[in-house]
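Report on the structure given below.
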Amino acid sequence: MKNEFLIEFLEYVPFARIFFRRRKNVAARPKNKLLSVVIELASLCLLYGLLSPSFAIPLYNALLFHPINEKDDLSDQTKKLASFFHCSFQEVQFKAPDGETLNGWYFLHPQSRKTIMVSHGNAGNIVHRLSLCPLLLQTGSSLFLYDYEGFGKSTGSPSVAKCCADAVAAFDFLTEQLHVKTSNIVLYGESIGTGITSELSTRRTAGAIVLQSPFTSLPELGADHILFLRLYPASIYPSPHLSIIDIMSRPHAPLLIIHGMKDDTLSYRYSEQIMKRAMDQKTLLLLPDAGHVDVYKTNVSLTMPALNKFIAALPD
């Protein structure tokens, strides 16, 4: 009976039967139909568990994060940028909670009222956000960008939990080492960074929040992009869920949401849903010609005035 059960199991379990072959010289015995049904259900449950977001974390990290760790030398470009906006520039390193080294850029404007802290998207690194810098520096603010673990010159490897911890470390470095007042920090999140920024806002108090191309939550995002993930309830996802819509439904700092209406990666309906649930002191800017990766290049004539107005209205 034990051998029969093992044979049935290996024939039905996904992946295992790829490697298992019944010996040709052994006559096939009639299958127990009830046993076959039980094993089929058991194998499906096993597969369901193995692919669940709470178990297959390495798989989903690989799907979610696409870091580039090339160490391009952009010192000439950053110096020119700093000179054009009359600010100083330094490349900085600081420690993540797990001991990895994080890398960042700091543009210090001597007359700035605010410092914008950028948590970028899931691909590339801060080098690929160089064209975002002029848009933010033209507001007269200082600017701080950093890379999560595994991105750019930062060591380690990324995960949702690690990226959130990295954001806290970046915020603490900004306040403790660079001596920026928490009330003068504007948290700026881009794509996956909007979830990290929102989560950071629950752990540290900042003066304002800007979300560029956000989503509502990781469970909803996963269900929208990977069909079989609709089989999993939100509770089975590992924490944090980066549920922006829930975070913004509670008291928060002044909020500006920016989203391209031609975004085919993260639909602007996410921003509309967040806007509807968010508390007061909120603004939604929809860009009619922008997609997902060109928000700070397309419809700049709309984005610049909105950013300037938002930051100018913040209290000192």
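Naming scheme: A, B, ... for chains in displayed order of the structure tokens; residues 1 onward per chain; ligands 1 onward as shown.
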Could you pull the residues within 8 Å of Gly207 in chain A, counting only C-alpha atoms, minus those fewer than 2 positions along the same chain, as JSON, numbers by chain? {"A": [182, 183, 184, 185, 186, 187, 205, 209, 253, 254, 314]}
Residue contacts of Gly99 in chain A (10 Å, only C-alpha atoms) excluding same-chain residues fewer than 4 positions away, as JSON, numbers by chain: {"A": [94, 95, 155, 156]}
Identify, with DSSP run on backbone atoms, the residues in range 180-313 of chain A assigned to alpha helix (DSSP H), and express the list as a PyMOL selection string. chain A and resi 192-203+218-225+244-247+269-277+300-312
Selection file, C-alpha atoms, as a compact mmCIF listing (two decimals), in the first residue's frame:
# COMPACT_ATOMS: atom_id res chain seq x y z
CA ILE A 192 7.38 51.19 -6.21
CA GLY A 193 9.01 54.00 -4.25
CA THR A 194 5.55 55.48 -3.62
CA GLY A 195 4.74 52.45 -1.48
CA ILE A 196 8.09 52.68 0.30
CA THR A 197 7.59 56.42 0.83
CA SER A 198 4.09 55.86 2.21
CA GLU A 199 5.33 53.16 4.58
CA LEU A 200 8.15 55.49 5.67
CA SER A 201 5.58 58.16 6.49
CA THR A 202 4.09 55.79 9.08
CA ARG A 203 7.48 55.31 10.75
CA LEU A 218 1.06 45.27 -3.44
CA PRO A 219 -1.73 42.64 -3.20
CA GLU A 220 -3.92 44.59 -5.65
CA LEU A 221 -0.95 45.31 -7.90
CA GLY A 222 0.00 41.63 -7.96
CA ALA A 223 -3.57 40.54 -8.75
CA ASP A 224 -3.79 43.07 -11.58
CA HIS A 225 -0.53 42.00 -13.24
CA ILE A 244 -0.84 53.33 0.06
CA ILE A 245 -4.60 53.64 -0.05
CA ASP A 246 -4.93 52.54 3.58
CA ILE A 247 -2.06 54.72 4.77
CA ARG A 269 -6.97 54.88 -11.73
CA TYR A 270 -4.76 53.92 -8.77
CA SER A 271 -4.08 57.60 -8.15
CA GLU A 272 -7.77 58.42 -8.47
CA GLN A 273 -8.61 55.77 -5.88
CA ILE A 274 -5.93 57.05 -3.48
CA MET A 275 -7.11 60.63 -3.99
CA LYS A 276 -10.67 59.64 -3.17
CA ARG A 277 -9.66 57.95 0.09
CA VAL A 300 6.72 69.55 -17.66
CA SER A 301 4.77 72.78 -18.20
CA LEU A 302 2.13 71.28 -15.91
CA THR A 303 4.40 69.48 -13.46
CA MET A 304 6.75 72.38 -12.64
CA PRO A 305 4.04 74.87 -11.59
CA ALA A 306 2.26 72.17 -9.55
CA LEU A 307 5.45 71.22 -7.69
CA ASN A 308 6.41 74.85 -7.08
CA LYS A 309 2.95 75.76 -5.82
CA PHE A 310 2.80 72.70 -3.56
CA ILE A 311 6.22 73.31 -1.97
CA ALA A 312 5.73 77.08 -1.69
Quick one: of A:Tyr60, A:Phe84, A:Tyr148, A:Tyr106, who's nearest to Tyr237 in chain A, counting only C-alpha atoms?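 Closest to Tyr237 in chain A of all the choices is A:Tyr60.
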So how far away is CA of Gly189 in chain A from CA of Ile257 in chain A, in Å? 9.7 Å
Please identify all polymer residues within 6 Å of Leu143 in chain A, counting only C-alpha atoms, omitting same-chain residues fewer than 5 positions from it, and present them as a ChimeraX atom specification. /A:106-107,115-116
Print the selection's residues with N, CA and C atoms to a file, as a compact mmCIF listing (two decimals), in the first residue's frame.
# COMPACT_ATOMS: atom_id res chain seq x y z
N TYR A 106 23.59 64.03 -2.52
CA TYR A 106 23.02 65.13 -1.74
C TYR A 106 23.37 66.45 -2.40
N PHE A 107 22.33 67.14 -2.89
CA PHE A 107 22.47 68.48 -3.44
C PHE A 107 21.98 69.46 -2.37
N THR A 115 13.92 70.07 1.86
CA THR A 115 14.80 69.06 1.26
C THR A 115 13.92 67.93 0.76
N ILE A 116 14.05 67.61 -0.52
CA ILE A 116 13.25 66.55 -1.13
C ILE A 116 14.05 65.24 -1.07
Would you give me, as number ranges by chain, the residues in range 87-278 of chain A that DSSP reads as strand (DSSP E or B)? A: 88-95, 101-108, 115-119, 123-124, 142-146, 185-190, 208-212, 255-260
Compare A:Leu102, A:Cys164, A:Leu81, A:Leu211 by their minimum atom-to-atom distance to Pro134 in chain A, counting only C-alpha atoms, and give me the closest one. A:Leu81
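Among the candidate residues A:Arg129, A:Arg204, A:His86, A:His241, the one lying nearest to Ala161 in chain A is A:His241, with distances computed using only C-alpha atoms.
Across the structure, CA of Leu145 in chain A and CA of His66 in chain A are spaced 17.8 Å apart.
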Pick out the residues sitting within 12 Å of His292 in chain A, and hand them over as a PyMOL selection string; count only C-alpha atoms, and ignore anything fewer than 3 positions along from it in its own chain. chain A and resi 121+190-192+212-215+258-268+286-289+295-298
Selection file, C-alpha atoms, as a PDB file, in the first residue's frame:
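Just written: selection14.pdb:
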ATOM      1  CA  GLY A 121      11.311  52.894  -8.614  1.00  0.00           C
ATOM      2  CA  GLU A 190       8.410  57.107  -7.644  1.00  0.00           C
ATOM      3  CA  SER A 191       6.533  53.955  -8.754  1.00  0.00           C
ATOM      4  CA  ILE A 192       7.375  51.188  -6.211  1.00  0.00           C
ATOM      5  CA  GLN A 212       4.630  59.949  -8.585  1.00  0.00           C
ATOM      6  CA  SER A 213       2.884  57.093 -10.433  1.00  0.00           C
ATOM      7  CA  PRO A 214       1.609  55.230  -7.343  1.00  0.00           C
ATOM      8  CA  PHE A 215      -0.350  52.001  -6.921  1.00  0.00           C
ATOM      9  CA  ILE A 258       1.308  62.987  -9.975  1.00  0.00           C
ATOM     10  CA  HIS A 259       0.353  60.413 -12.601  1.00  0.00           C
ATOM     11  CA  GLY A 260       0.570  60.064 -16.375  1.00  0.00           C
ATOM     12  CA  MET A 261      -2.717  59.220 -18.055  1.00  0.00           C
ATOM     13  CA  LYS A 262      -0.888  57.102 -20.661  1.00  0.00           C
ATOM     14  CA  ASP A 263       0.786  54.973 -17.996  1.00  0.00           C
ATOM     15  CA  ASP A 264       0.373  51.338 -19.097  1.00  0.00           C
ATOM     16  CA  THR A 265       2.388  49.967 -16.174  1.00  0.00           C
ATOM     17  CA  LEU A 266       0.479  51.492 -13.267  1.00  0.00           C
ATOM     18  CA  SER A 267      -2.891  52.850 -14.325  1.00  0.00           C
ATOM     19  CA  TYR A 268      -3.781  56.372 -13.219  1.00  0.00           C
ATOM     20  CA  LEU A 286      -2.968  63.999 -14.031  1.00  0.00           C
ATOM     21  CA  LEU A 287      -0.663  64.450 -17.020  1.00  0.00           C
ATOM     22  CA  PRO A 288      -2.525  63.778 -20.294  1.00  0.00           C
ATOM     23  CA  ASP A 289       0.535  62.907 -22.413  1.00  0.00           C
ATOM     24  CA  VAL A 295       6.581  61.806 -16.075  1.00  0.00           C
ATOM     25  CA  TYR A 296       9.402  64.289 -15.419  1.00  0.00           C
ATOM     26  CA  LYS A 297      10.053  64.771 -19.143  1.00  0.00           C
ATOM     27  CA  THR A 298       6.506  65.029 -20.535  1.00  0.00           C
TER      28      THR A 298
END
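When CA of Phe228 in chain A is paired with CA of Lys162 in chain A, their separation reads 25.6 Å.
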Ser54 in chain A proximity check over A:Ser239, A:Asn103, A:Thr283, A:Ser36, using only C-alpha atoms: winner is A:Ser239
List the spatial neighbours of Phe85 in chain A as a ChimeraX atom specification - criterion: any atom at most 8 Å away, only C-alpha atoms, same-chain residues fewer than 5 positions off excluded. /A:109,137-138
Nearest-residue call for Leu284 in chain A, choices A:Leu135, A:Val210, A:Leu59, A:Ala313, using only C-alpha atoms: A:Val210
I'd like to know which of A:Gln90, A:Asn69, A:Ser131, A:Thr216 is closest to Ser243 in chain A, using only C-alpha atoms.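 Answer, going by the shortest atom-to-atom distance: A:Thr216.
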